[in-house]
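Undergrad: Sending over upload_14.tsv (TSV, C-alpha atoms and all ligand atoms).
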chain	number	residue	atom	x	y	z
N	255	MET	CA	-83.65	42.32	-125.35
N	256	ASN	CA	-86.20	42.49	-128.15
N	257	LEU	CA	-88.96	40.01	-128.84
N	258	ARG	CA	-87.01	38.10	-131.46
N	259	GLN	CA	-84.06	37.64	-129.14
N	260	MET	CA	-86.36	36.47	-126.43
N	261	LEU	CA	-88.01	33.95	-128.73
N	262	THR	CA	-84.63	32.73	-129.82
N	263	LEU	CA	-83.74	32.27	-126.18
N	264	CYS	CA	-86.97	30.39	-125.53
N	265	LEU	CA	-86.36	28.18	-128.53
N	266	MET	CA	-82.79	27.60	-127.44
N	267	LEU	CA	-83.98	26.61	-124.01
N	268	LEU	CA	-86.60	24.33	-125.51
N	269	VAL	CA	-84.15	22.72	-127.88
N	270	THR	CA	-81.35	22.31	-125.36
N	271	GLY	CA	-83.80	20.96	-122.81
N	272	GLY	CA	-82.68	23.56	-120.34
N	273	VAL	CA	-86.19	24.09	-119.11
N	274	SER	CA	-86.46	21.36	-116.53
N	275	ALA	CA	-88.01	23.72	-114.02
N	276	GLN	CA	-90.85	24.40	-116.41
N	277	ASN	CA	-91.18	21.45	-118.69
N	278	THR	CA	-89.63	18.07	-118.20
N	279	THR	CA	-91.05	16.45	-121.33
N	280	GLN	CA	-89.07	16.47	-124.53
N	281	SER	CA	-90.12	19.24	-126.86
N	282	THR	CA	-91.59	18.20	-130.19
N	283	ILE	CA	-91.37	21.69	-131.68
N	284	ASN	CA	-89.40	21.86	-134.91
N	285	LYS	CA	-88.24	25.45	-135.11
N	286	ASP	CA	-87.78	25.29	-138.92
N	287	SER	CA	-91.51	24.70	-139.34
N	288	LEU	CA	-92.41	27.86	-137.43
N	289	PRO	CA	-93.00	31.26	-139.00
N	290	ALA	CA	-90.30	33.78	-138.16
N	291	ASP	CA	-92.55	35.73	-135.82
N	292	ALA	CA	-94.02	32.73	-134.03
N	293	VAL	CA	-94.68	33.13	-130.35
N	294	ILE	CA	-94.47	30.04	-128.21
N	295	VAL	CA	-96.85	30.07	-125.29
N	296	LYS	CA	-96.80	27.49	-122.56
N	297	ARG	CA	-99.97	25.85	-121.35
N	298	VAL	CA	-100.46	25.96	-117.62
N	299	PRO	CA	-100.30	22.39	-116.38
N	300	LEU	CA	-102.80	21.49	-113.69
N	301	ALA	CA	-100.46	18.88	-112.31
N	302	SER	CA	-97.71	19.93	-109.94
N	303	GLY	CA	-94.30	20.40	-111.42
N	304	GLU	CA	-91.09	19.77	-109.61
N	305	ALA	CA	-91.02	21.42	-106.23
N	306	PHE	CA	-88.92	24.52	-106.19
N	307	ASP	CA	-86.05	23.86	-103.84
N	308	MET	CA	-84.07	27.03	-103.15
N	309	LYS	CA	-81.18	25.04	-101.72
N	310	ASP	CA	-77.94	25.20	-103.76
N	311	VAL	CA	-79.66	27.13	-106.55
N	312	LEU	CA	-78.24	30.52	-107.42
N	313	VAL	CA	-79.60	33.21	-109.68
N	314	VAL	CA	-77.24	33.68	-112.62
N	315	ASP	CA	-79.14	36.35	-114.50
N	316	THR	CA	-82.44	38.17	-114.68
N	317	ILE	CA	-83.87	39.08	-118.07
N	318	PRO	CA	-86.82	41.40	-118.61
N	319	SER	CA	-89.80	39.89	-120.39
N	320	THR	CA	-92.26	41.69	-122.68
N	321	SER	CA	-94.37	42.42	-119.61
N	322	GLU	CA	-92.81	44.78	-117.10
N	323	GLY	CA	-94.39	42.89	-114.25
N	324	LEU	CA	-92.56	39.68	-115.16
N	325	SER	CA	-88.91	38.76	-115.38
N	326	ILE	CA	-87.18	35.62	-116.58
N	327	VAL	CA	-84.71	34.39	-113.99
N	328	LEU	CA	-81.91	32.01	-114.97
N	329	TYR	CA	-80.43	29.69	-112.34
N	330	ASN	CA	-77.04	28.03	-112.11
N	331	ASP	CA	-78.55	24.57	-112.60
N	332	ASN	CA	-79.65	25.53	-116.15
N	333	THR	CA	-83.27	26.00	-115.18
N	334	TRP	CA	-85.32	29.17	-115.55
N	335	ARG	CA	-88.66	30.45	-114.46
N	336	TYR	CA	-90.86	33.48	-114.74
N	337	VAL	CA	-90.78	35.56	-111.60
N	338	ARG	CA	-93.27	38.24	-110.75
N	339	ASN	CA	-91.71	41.58	-110.04
N	340	ARG	CA	-93.32	42.34	-106.69
N	341	ASN	CA	-92.05	45.91	-106.80
N	342	ILE	CA	-94.26	46.72	-109.75
N	343	ASP	CA	-97.85	47.34	-108.96
N	344	VAL	CA	-99.47	44.85	-111.32
N	345	LEU	CA	-101.29	42.71	-108.80
N	346	ASP	CA	-104.61	43.53	-107.27
N	347	GLU	CA	-102.81	45.24	-104.43
N	348	THR	CA	-105.88	45.20	-102.21
N	349	ILE	CA	-105.29	41.47	-101.69
N	350	TYR	CA	-102.21	42.22	-99.60
N	351	THR	CA	-103.43	45.41	-97.96
N	352	GLN	CA	-107.12	44.99	-97.17
N	353	TYR	CA	-107.75	42.87	-94.07
N	354	TRP	CA	-104.00	42.22	-93.93
N	355	ASP	CA	-103.29	41.39	-90.30
N	356	THR	CA	-100.21	39.34	-89.40
N	357	SER	CA	-101.14	39.14	-85.71
N	358	LYS	CA	-104.16	36.84	-85.77
N	359	ILE	CA	-105.64	33.78	-87.45
N	360	HIS	CA	-108.85	35.41	-88.62
N	361	ALA	CA	-108.11	38.68	-90.38
N	362	TYR	CA	-111.31	39.16	-92.34
N	363	ASN	CA	-114.47	40.59	-90.94
N	364	VAL	CA	-116.75	39.75	-93.84
N	365	GLU	CA	-120.10	38.18	-93.23
N	366	LEU	CA	-121.24	35.34	-95.44
N	367	LYS	CA	-124.34	37.28	-96.51
N	368	ASP	CA	-122.13	40.08	-97.82
N	369	LEU	CA	-120.32	37.80	-100.28
N	370	PRO	CA	-121.69	37.54	-103.84
N	371	MET	CA	-123.76	34.45	-104.73
N	372	SER	CA	-120.90	33.23	-106.87
N	373	MET	CA	-117.48	34.45	-107.86
N	374	VAL	CA	-115.02	33.42	-110.51
N	375	ILE	CA	-111.52	32.76	-109.22
N	376	ASP	CA	-108.59	32.37	-111.58
N	377	LEU	CA	-106.60	29.86	-109.58
N	378	VAL	CA	-103.54	29.94	-111.79
N	379	ASP	CA	-102.57	32.36	-114.53
N	380	THR	CA	-100.10	32.14	-117.38
N	381	LEU	CA	-97.39	31.61	-114.82
N	382	LYS	CA	-97.08	28.12	-113.57
N	383	SER	CA	-98.21	28.60	-110.06
N	384	TYR	CA	-99.65	25.52	-108.43
N	385	HIS	CA	-98.25	22.71	-106.33
N	386	TYR	CA	-100.10	20.26	-104.10
N	387	PRO	CA	-99.61	20.98	-100.37
N	388	PHE	CA	-99.05	17.29	-99.74
N	389	LYS	CA	-100.02	14.27	-101.79
N	390	GLY	CA	-101.56	11.41	-99.87
N	391	ARG	CA	-104.55	9.60	-98.44
N	392	VAL	CA	-107.39	11.74	-97.13
N	393	THR	CA	-108.15	10.56	-93.60
N	394	SER	CA	-110.85	13.07	-92.72
N	395	LYS	CA	-112.97	15.11	-95.07
N	396	TYR	CA	-114.33	18.64	-94.82
N	397	GLY	CA	-117.69	18.94	-93.08
N	398	PRO	CA	-119.58	18.05	-89.92
N	399	ARG	CA	-117.56	15.80	-87.63
N	400	ARG	CA	-118.57	14.64	-84.16
N	401	ARG	CA	-119.67	17.74	-82.27
N	402	GLY	CA	-117.98	20.28	-84.48
N	403	ILE	CA	-117.37	21.24	-88.05
N	404	HIS	CA	-114.18	20.09	-89.72
N	405	GLN	CA	-113.06	23.18	-91.64
N	406	GLY	CA	-110.48	21.40	-93.76
N	407	THR	CA	-109.14	18.14	-95.16
N	408	ASP	CA	-106.75	15.85	-93.27
N	409	ILE	CA	-104.02	14.13	-95.25
N	410	ASP	CA	-101.95	11.30	-93.86
N	411	LEU	CA	-98.17	11.82	-93.68
N	412	GLU	CA	-95.02	11.00	-91.73
N	413	THR	CA	-93.55	13.61	-89.40
N	414	GLY	CA	-90.84	15.45	-91.32
N	415	ASP	CA	-92.47	15.17	-94.77
N	416	PRO	CA	-92.16	18.43	-96.76
N	417	ILE	CA	-95.21	20.70	-97.01
N	418	TYR	CA	-95.49	22.92	-100.09
N	419	ALA	CA	-97.09	26.30	-100.73
N	420	THR	CA	-100.13	25.70	-102.96
N	421	PHE	CA	-100.04	28.93	-105.02
N	422	ASP	CA	-97.83	32.00	-105.16
N	423	GLY	CA	-98.48	34.40	-102.33
N	424	ARG	CA	-97.39	35.91	-99.06
N	425	VAL	CA	-97.29	34.42	-95.57
N	426	ARG	CA	-99.85	36.30	-93.50
N	427	HIS	CA	-99.64	34.59	-90.11
N	428	THR	CA	-97.82	31.83	-88.26
N	429	THR	CA	-98.65	30.67	-84.76
N	430	TYR	CA	-98.69	27.78	-82.33
N	431	ILE	CA	-102.03	26.74	-80.83
N	432	ALA	CA	-101.56	23.95	-78.28
N	433	ARG	CA	-105.24	22.97	-78.12
N	434	GLY	CA	-105.89	23.25	-81.82
N	435	TYR	CA	-103.89	23.85	-84.95
N	436	GLY	CA	-100.46	23.23	-83.37
N	437	ASN	CA	-97.89	24.90	-85.61
N	438	LEU	CA	-99.91	26.74	-88.22
N	439	ILE	CA	-98.96	28.66	-91.38
N	440	ILE	CA	-101.49	30.84	-93.19
N	441	ILE	CA	-100.66	32.03	-96.72
N	442	ARG	CA	-102.64	34.57	-98.70
N	443	HIS	CA	-102.46	34.04	-102.47
N	444	ASP	CA	-102.53	36.18	-105.60
N	445	ASN	CA	-105.86	34.56	-106.50
N	446	GLY	CA	-107.44	35.92	-103.28
N	447	LEU	CA	-107.67	32.61	-101.44
N	448	GLU	CA	-105.97	31.80	-98.14
N	449	THR	CA	-104.58	28.35	-97.32
N	450	PHE	CA	-103.95	26.98	-93.80
N	451	TYR	CA	-101.33	24.32	-93.01
N	452	ALA	CA	-101.64	22.87	-89.48
N	453	HIS	CA	-100.02	20.42	-87.02
N	454	LEU	CA	-96.59	21.10	-88.57
N	455	SER	CA	-93.44	19.88	-86.81
N	456	GLU	CA	-91.39	22.68	-88.34
N	457	THR	CA	-92.07	26.00	-90.09
N	458	ASN	CA	-89.59	27.64	-92.50
N	459	VAL	CA	-91.41	30.90	-93.17
N	460	LYS	CA	-92.51	33.99	-91.28
N	461	PRO	CA	-95.26	36.56	-91.82
N	462	GLY	CA	-94.47	38.89	-94.71
N	463	ASP	CA	-92.40	36.34	-96.67
N	464	TRP	CA	-93.29	36.02	-100.34
N	465	VAL	CA	-93.62	32.37	-101.37
N	466	THR	CA	-93.76	30.56	-104.67
N	467	ALA	CA	-96.04	27.61	-105.40
N	468	GLY	CA	-94.03	24.47	-104.62
N	469	GLN	CA	-91.74	26.14	-102.13
N	470	VAL	CA	-91.22	24.02	-99.02
N	471	ILE	CA	-92.77	26.07	-96.19
N	472	GLY	CA	-92.42	23.55	-93.37
N	473	LYS	CA	-92.59	19.93	-92.33
N	474	GLY	CA	-95.59	17.80	-91.49
N	475	GLY	CA	-96.14	16.69	-87.91
N	476	ASN	CA	-98.41	15.96	-85.02
N	477	THR	CA	-98.44	19.21	-83.00
N	478	GLY	CA	-101.54	20.69	-81.34
N	479	ARG	CA	-104.77	18.75	-81.04
N	480	SER	CA	-103.82	15.89	-83.31
N	481	THR	CA	-103.66	12.14	-82.97
N	482	GLY	CA	-101.17	10.79	-85.44
N	483	SER	CA	-99.10	12.76	-87.94
N	484	HIS	CA	-101.20	14.45	-90.59
N	485	LEU	CA	-101.64	17.72	-92.44
N	486	HIS	CA	-104.81	19.62	-91.64
N	487	TYR	CA	-105.32	21.78	-94.74
N	488	GLU	CA	-107.89	24.52	-95.22
N	489	ILE	CA	-108.82	26.78	-98.10
N	490	ARG	CA	-110.67	29.96	-97.25
N	491	TYR	CA	-112.11	32.90	-99.15
N	492	LYS	CA	-112.54	36.11	-97.13
N	493	GLY	CA	-112.31	33.98	-94.00
N	494	HIS	CA	-114.91	31.39	-95.01
N	495	SER	CA	-113.80	27.80	-95.54
N	496	PHE	CA	-114.95	25.43	-98.25
N	497	ASP	CA	-114.06	21.85	-99.13
N	498	PRO	CA	-110.42	21.78	-100.40
N	499	GLU	CA	-111.25	18.66	-102.39
N	500	ARG	CA	-113.25	20.88	-104.74
N	501	LEU	CA	-109.92	22.19	-106.00
N	502	ILE	CA	-107.36	19.51	-105.30
N	503	ASP	CA	-107.34	15.78	-105.94
N	504	PHE	CA	-105.10	14.82	-103.00
N	505	LYS	CA	-104.57	11.30	-104.35
N	506	THR	CA	-102.91	12.48	-107.57
N	507	GLY	CA	-101.95	15.93	-106.29
N	508	ASP	CA	-103.57	17.57	-109.34
N	509	LEU	CA	-105.49	20.82	-109.40
N	510	ARG	CA	-108.94	20.00	-110.76
N	511	ARG	CA	-109.40	23.23	-112.74
N	512	GLU	CA	-107.70	26.51	-113.70
N	513	THR	CA	-110.74	28.67	-113.17
N	514	PHE	CA	-113.07	28.00	-110.28
N	515	LEU	CA	-116.64	29.14	-109.90
N	516	LEU	CA	-116.94	29.55	-106.14
N	517	LYS	CA	-120.59	29.55	-105.09
N	518	ARG	CA	-121.70	30.97	-101.76
N	519	THR	CA	-123.48	27.70	-101.04
N	520	TYR	CA	-120.06	25.96	-100.90
N	521	PHE	CA	-119.34	27.68	-97.59
N	522	SER	CA	-121.94	25.50	-95.90
N	523	PRO	CA	-120.24	22.66	-94.01
N	524	TYR	CA	-122.78	20.34	-95.57
N	525	SER	CA	-121.61	21.23	-99.05
N	526	ARG	CA	-118.90	18.79	-100.03
N	527	PHE	CA	-117.12	17.77	-103.14
N	528	THR	CA	-118.24	14.21	-103.79
N	529	GLN	CA	-117.18	11.52	-106.18
N	530	ASP	CA	-120.84	10.85	-106.56
N	531	PHE	CA	-121.25	11.42	-110.29
N	532	ASP	CA	-124.14	12.19	-112.68
N	533	GLU	CA	-125.70	15.22	-111.03
N	534	GLU	CA	-122.36	16.38	-109.69
N	535	VAL	CA	-120.62	15.94	-113.05
N	536	GLN	CA	-123.43	17.72	-114.84
N	537	SER	CA	-123.38	20.73	-112.56
N	538	ASP	CA	-119.60	20.58	-112.71
N	539	GLU	CA	-119.71	20.86	-116.51
N	540	GLU	CA	-122.12	23.79	-116.26
N	541	ASP	CA	-119.84	25.45	-113.73
N	542	LYS	CA	-116.84	24.99	-115.98
N	543	LYS	CA	-118.74	26.57	-118.88
N	544	ILE	CA	-119.81	29.57	-116.83
N	545	ALA	CA	-116.30	29.94	-115.45
N	546	GLN	CA	-114.76	29.67	-118.91
N	547	GLU	CA	-117.12	32.26	-120.34
N	548	ALA	CA	-116.38	34.60	-117.46
N	549	ALA	CA	-112.69	34.04	-117.95
N	550	ALA	CA	-112.80	34.50	-121.74
N	551	ILE	CA	-110.20	36.93	-122.89
N	552	LYS	CA	-111.47	40.23	-124.29
N	553	TYR	CA	-109.49	43.13	-125.73
N	554	HIS	CA	-110.09	46.83	-126.26
N	555	ILE	CA	-108.23	48.86	-128.87
N	556	VAL	CA	-107.22	52.23	-127.47
N	557	LYS	CA	-108.94	55.18	-129.16
N	558	SER	CA	-108.24	58.88	-128.92
N	559	GLY	CA	-109.34	60.19	-125.52
N	560	ASP	CA	-109.32	56.80	-123.80
N	561	THR	CA	-108.05	56.57	-120.27
N	562	LEU	CA	-107.58	53.47	-118.13
N	563	GLY	CA	-110.41	54.72	-115.96
N	564	ARG	CA	-112.83	55.07	-118.86
N	565	ILE	CA	-111.86	51.70	-120.33
N	566	ALA	CA	-112.38	50.13	-116.89
N	567	ILE	CA	-115.85	51.62	-116.48
N	568	ASN	CA	-116.96	50.71	-120.01
N	569	ASN	CA	-115.86	47.13	-119.44
N	570	HIS	CA	-117.22	46.75	-115.90
N	571	THR	CA	-113.78	46.24	-114.44
N	572	THR	CA	-111.25	48.21	-112.39
N	573	VAL	CA	-108.04	50.06	-113.24
N	574	THR	CA	-106.15	47.75	-110.90
N	575	LYS	CA	-107.45	44.71	-112.75
N	576	LEU	CA	-106.52	46.26	-116.12
N	577	CYS	CA	-102.98	46.93	-114.88
N	578	GLN	CA	-102.74	43.39	-113.59
N	579	LEU	CA	-103.96	41.86	-116.86
N	580	ASN	CA	-101.63	43.94	-119.01
N	581	GLY	CA	-98.57	44.17	-116.80
N	582	ILE	CA	-98.73	47.96	-116.84
N	583	LYS	CA	-98.77	50.64	-114.17
N	584	LYS	CA	-101.65	52.99	-113.43
N	585	THR	CA	-99.43	55.80	-114.67
N	586	SER	CA	-98.52	54.06	-117.96
N	587	THR	CA	-99.26	56.11	-121.08
N	588	LEU	CA	-101.73	54.56	-123.52
N	589	ARG	CA	-101.00	54.64	-127.24
N	590	ILE	CA	-103.77	54.94	-129.81
N	591	GLY	CA	-104.22	51.55	-131.43
N	592	GLN	CA	-102.74	49.75	-128.44
N	593	ARG	CA	-104.48	46.52	-127.56
N	594	ILE	CA	-105.54	46.41	-123.91
N	595	ARG	CA	-106.79	43.20	-122.41
N	596	VAL	CA	-109.95	44.01	-120.47
N	597	ARG	CA	-110.87	40.49	-119.36
E	601	ZN	ZN	-108.24	18.36	-89.70
Any chance you could give the structure as structure tokens?
TA:
Amino acid sequence: MNLRQMLTLCLMLLVTGGVSAQNTTQSTINKDSLPADAVIVKRVPLASGEAFDMKDVLVVDTIPSTSEGLSIVLYNDNTWRYVRNRNIDVLDETIYTQYWDTSKIHAYNVELKDLPMSMVIDLVDTLKSYHYPFKGRVTSKYGPRRRGIHQGTDIDLETGDPIYATFDGRVRHTTYIARGYGNLIIIRHDNGLETFYAHLSETNVKPGDWVTAGQVIGKGGNTGRSTGSHLHYEIRYKGHSFDPERLIDFKTGDLRRETFLLKRTYFSPYSRFTQDFDEEVQSDEEDKKIAQEAAAIKYHIVKSGDTLGRIAINNHTTVTKLCQLNGIKKTSTLRIGQRIRVR
């Protein structure tokens, strides 16, 4: 399928409204007003879309996209979605190999002092890949609590309520801890974060399973050391927890930002996301600016003699990252004049 055919398909899907998995609002695009070579690009919504329920949905067809790491999958209920081709090495593969241990809760052995002062994390990319874990009232915040430190956020629920995977990723560990987490699922994500879902009454996934944001991974409950049904939810980076409310507004279920500037100071249990404005908003704006600048897209035009390795070094990045950004393999041949995204 060439680009034009693919665009025609996209337009068709937009016009016929067959895109309910991606976009439930009516399209206002008038295809006659578009130039012939127009490319329609979706914005990544920060709000959760419909949960992806695998029940009764069958794959009708899989169509290659312009990026070899992505396919378009058509379902029998007239919906479609982009699906990452996990067989093609376009992700930062170290995420699922380094410190990958399915046998224990804490897989990383990275000391806080060895983490950079701040790091930019692209939470979602051009794929729609976010869904709230559960939307509800926060009953206990991250931070010091009684004698210990509360490593996550508690959200009120009824036993049996569905719990969703927050981002795309792979289940690293599941366990039952009677005097603690109860039924626990840990998922490692493409963006490098890990999320913990505890006190579940039921788990639907096992270590090694690939999951999509919005996939139901289990049901909420009251197992382990818990009084009253709730979800205990943690977000960790290299094993270190920070306040999940920095990323998620649990009341609305929305992701607060696409790109997150994670500062080392956030790993302190005394560092919380607050609704306490002025100073917080100001530093938040600064953070967003820094994160946006860091995330700004930059291209390199391939010249004679260029290799992925050389381009990576000249642009202070890695070959893996270049492959990930461009949906190419390390062994792909570069053409002179080809535009390579370097950031
Ligand atoms: Zn908790």
Undergrad: Do you have the atom CA of Ile551 of chain N-atom CA of Gly591 of chain N distance handy?
TA: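 It comes out at 18.0 Å.
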Undergrad: Which chains and residue numbers are within 9 Å of ligand ZN 601 (chain E), counting only C-alpha atoms and all ligand atoms, if I want them as an MDAnalysis selection string?
TA: chainID N and resid 393:396 404:409 435 452:453 480 484:488
Undergrad: Could you put an axis-aligned box around every listed atom of segment 413-430 of chain N, padded by 5 Å on each side, and send me its centre and edge lengths in Å to one decimal, as JSON?
TA:
{"center_x": -95.5, "center_y": 25.0, "center_z": -93.7, "size_x": 19.3, "size_y": 32.7, "size_z": 32.8}
Undergrad: Quick one: distance from atom CA of Phe527 of chain N to atom CA of Arg511 of chain N in Å, one decimal?
TA: 13.5 Å
Undergrad: Using all atoms listed in the file, can you list as an mmCIF file with C-alpha atoms, in the coordinates of the input the residues within 12 Å of (-79.3, 39.4, -116.2)?
TA:
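After the write, point23.cif holds the following:
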data_model
loop_
_atom_site.group_PDB
_atom_site.id
_atom_site.type_symbol
_atom_site.label_atom_id
_atom_site.label_comp_id
_atom_site.auth_asym_id
_atom_site.auth_seq_id
_atom_site.Cartn_x
_atom_site.Cartn_y
_atom_site.Cartn_z
ATOM 1 C CA MET N 255 -83.650 42.320 -125.350
ATOM 2 C CA VAL N 313 -79.600 33.210 -109.680
ATOM 3 C CA VAL N 314 -77.240 33.680 -112.620
ATOM 4 C CA ASP N 315 -79.140 36.350 -114.500
ATOM 5 C CA THR N 316 -82.440 38.170 -114.680
ATOM 6 C CA ILE N 317 -83.870 39.080 -118.070
ATOM 7 C CA PRO N 318 -86.820 41.400 -118.610
ATOM 8 C CA SER N 319 -89.800 39.890 -120.390
ATOM 9 C CA SER N 325 -88.910 38.760 -115.380
ATOM 10 C CA ILE N 326 -87.180 35.620 -116.580
ATOM 11 C CA VAL N 327 -84.710 34.390 -113.990
ATOM 12 C CA LEU N 328 -81.910 32.010 -114.970
ATOM 13 C CA TYR N 329 -80.430 29.690 -112.340
ATOM 14 C CA TRP N 334 -85.320 29.170 -115.550
#
Undergrad: Select, counting only C-alpha atoms, all protein, DNA and RNA residues no farther than 9 Å from (-94.3, 31.3, -92.7) in file coordinates, and express the selection as a list in words.
TA: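 All residues meeting the 9 Å criterion around (-94.3, 31.3, -92.7) are Arg424, Val425, Arg426, His427, Thr428, Leu438, Ile439, Ile440, Ile441, Thr457, Asn458, Val459, Lys460, Pro461, Gly462, Asp463, Val465, Ile471 and Gly472 of chain N.
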Undergrad: I need the residue nearest Pro498 of chain N from this list: N:Glu512, N:Glu448, N:Glu539, N:Asp410. Use all atoms listed in the file for the distance.
TA: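 Using all atoms listed in the file, Pro498 of chain N sits closest to N:Glu448.
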Undergrad: So what do you get for atom CA of Ser372 of chain N versus atom CA of His385 of chain N, distance-wise?
TA: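 So the two atoms, atom CA of Ser372 of chain N and atom CA of His385 of chain N, lie 25.0 Å apart.
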Undergrad: My list of candidates is N:Ile403, N:Gly434, N:Val364, N:Thr466. Which is closest to Thr420 of chain N when distances are computed with all atoms listed in the file?
TA: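 Closest to Thr420 of chain N of all the choices is N:Thr466.
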Undergrad: Excluding same-chain residues fewer than 6 positions from segment 513-521 of chain N, what lies within 10 Å of it counting all atoms listed in the file, as a PyMOL selection string?
TA: chain N and resi 366-379+397+405+490-491+494-497+500-501+527+538+540-546+548-549
Undergrad: Identify, on the basis of all atoms listed in the file, every residue whose closest approach to segment 553-565 of chain N does not exceed 10 Å; exclude the query and any residue fewer than 2 positions from it along the same chain; express the result as a PDB file with C-alpha atoms, in the frame of the given file.
TA:
ATOM      1  CA  ILE N 551    -110.200  36.930-122.890  1.00  0.00           C
ATOM      2  CA  ILE N 567    -115.850  51.620-116.480  1.00  0.00           C
ATOM      3  CA  ASN N 568    -116.960  50.710-120.010  1.00  0.00           C
ATOM      4  CA  ASN N 569    -115.860  47.130-119.440  1.00  0.00           C
ATOM      5  CA  HIS N 570    -117.220  46.750-115.900  1.00  0.00           C
ATOM      6  CA  THR N 571    -113.780  46.240-114.440  1.00  0.00           C
ATOM      7  CA  THR N 572    -111.250  48.210-112.390  1.00  0.00           C
ATOM      8  CA  VAL N 573    -108.040  50.060-113.240  1.00  0.00           C
ATOM      9  CA  THR N 574    -106.150  47.750-110.900  1.00  0.00           C
ATOM     10  CA  LEU N 576    -106.520  46.260-116.120  1.00  0.00           C
ATOM     11  CA  CYS N 577    -102.980  46.930-114.880  1.00  0.00           C
ATOM     12  CA  LYS N 584    -101.650  52.990-113.430  1.00  0.00           C
ATOM     13  CA  THR N 585     -99.430  55.800-114.670  1.00  0.00           C
ATOM     14  CA  SER N 586     -98.520  54.060-117.960  1.00  0.00           C
ATOM     15  CA  THR N 587     -99.260  56.110-121.080  1.00  0.00           C
ATOM     16  CA  LEU N 588    -101.730  54.560-123.520  1.00  0.00           C
ATOM     17  CA  ARG N 589    -101.000  54.640-127.240  1.00  0.00           C
ATOM     18  CA  ILE N 590    -103.770  54.940-129.810  1.00  0.00           C
ATOM     19  CA  GLY N 591    -104.220  51.550-131.430  1.00  0.00           C
ATOM     20  CA  GLN N 592    -102.740  49.750-128.440  1.00  0.00           C
ATOM     21  CA  ARG N 593    -104.480  46.520-127.560  1.00  0.00           C
ATOM     22  CA  ILE N 594    -105.540  46.410-123.910  1.00  0.00           C
ATOM     23  CA  ARG N 595    -106.790  43.200-122.410  1.00  0.00           C
ATOM     24  CA  VAL N 596    -109.950  44.010-120.470  1.00  0.00           C
ATOM     25  CA  ARG N 597    -110.870  40.490-119.360  1.00  0.00           C
TER      26      ARG N 597
END
Undergrad: Of the candidates N:Val392, N:Leu312, N:Ala432, N:Leu454, which shows the shortest atom-to-atom distance to Ile417 of chain N, using all atoms listed in the file?
TA: N:Leu454
Undergrad: Any chance you could build segment 413-425 of chain N out to N, CA and C atoms and write it as a PDB file, in the coordinates of the input?
TA:
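Output below, filename rebuild_22.pdb:
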ATOM      1  N   THR N 413     -94.181  12.398 -89.935  1.00  0.00           N
ATOM      2  CA  THR N 413     -93.550  13.610 -89.400  1.00  0.00           C
ATOM      3  C   THR N 413     -92.234  13.861 -90.137  1.00  0.00           C
ATOM      4  N   GLY N 414     -92.062  15.096 -90.585  1.00  0.00           N
ATOM      5  CA  GLY N 414     -90.840  15.450 -91.320  1.00  0.00           C
ATOM      6  C   GLY N 414     -91.051  15.539 -92.824  1.00  0.00           C
ATOM      7  N   ASP N 415     -92.191  15.044 -93.328  1.00  0.00           N
ATOM      8  CA  ASP N 415     -92.470  15.170 -94.770  1.00  0.00           C
ATOM      9  C   ASP N 415     -92.595  16.641 -95.163  1.00  0.00           C
ATOM     10  N   PRO N 416     -92.089  17.015 -96.351  1.00  0.00           N
ATOM     11  CA  PRO N 416     -92.160  18.430 -96.760  1.00  0.00           C
ATOM     12  C   PRO N 416     -93.589  18.863 -97.089  1.00  0.00           C
ATOM     13  N   ILE N 417     -93.906  20.095 -96.695  1.00  0.00           N
ATOM     14  CA  ILE N 417     -95.210  20.700 -97.010  1.00  0.00           C
ATOM     15  C   ILE N 417     -94.943  21.870 -97.957  1.00  0.00           C
ATOM     16  N   TYR N 418     -95.731  21.933 -99.045  1.00  0.00           N
ATOM     17  CA  TYR N 418     -95.490  22.920-100.090  1.00  0.00           C
ATOM     18  C   TYR N 418     -96.555  24.010-100.118  1.00  0.00           C
ATOM     19  N   ALA N 419     -96.137  25.221-100.497  1.00  0.00           N
ATOM     20  CA  ALA N 419     -97.090  26.300-100.730  1.00  0.00           C
ATOM     21  C   ALA N 419     -97.923  25.945-101.958  1.00  0.00           C
ATOM     22  N   THR N 420     -99.245  26.134-101.874  1.00  0.00           N
ATOM     23  CA  THR N 420    -100.130  25.700-102.960  1.00  0.00           C
ATOM     24  C   THR N 420    -100.072  26.627-104.177  1.00  0.00           C
ATOM     25  N   PHE N 421    -100.127  27.940-103.931  1.00  0.00           N
ATOM     26  CA  PHE N 421    -100.040  28.930-105.020  1.00  0.00           C
ATOM     27  C   PHE N 421     -99.020  29.988-104.599  1.00  0.00           C
ATOM     28  N   ASP N 422     -98.699  30.879-105.505  1.00  0.00           N
ATOM     29  CA  ASP N 422     -97.830  32.000-105.160  1.00  0.00           C
ATOM     30  C   ASP N 422     -98.561  32.883-104.145  1.00  0.00           C
ATOM     31  N   GLY N 423     -97.818  33.528-103.286  1.00  0.00           N
ATOM     32  CA  GLY N 423     -98.480  34.400-102.330  1.00  0.00           C
ATOM     33  C   GLY N 423     -97.555  34.904-101.259  1.00  0.00           C
ATOM     34  N   ARG N 424     -98.151  35.311-100.154  1.00  0.00           N
ATOM     35  CA  ARG N 424     -97.390  35.910 -99.060  1.00  0.00           C
ATOM     36  C   ARG N 424     -97.876  35.338 -97.732  1.00  0.00           C
ATOM     37  N   VAL N 425     -96.934  34.978 -96.870  1.00  0.00           N
ATOM     38  CA  VAL N 425     -97.290  34.420 -95.570  1.00  0.00           C
ATOM     39  C   VAL N 425     -97.946  35.519 -94.744  1.00  0.00           C
TER      40      VAL N 425
END
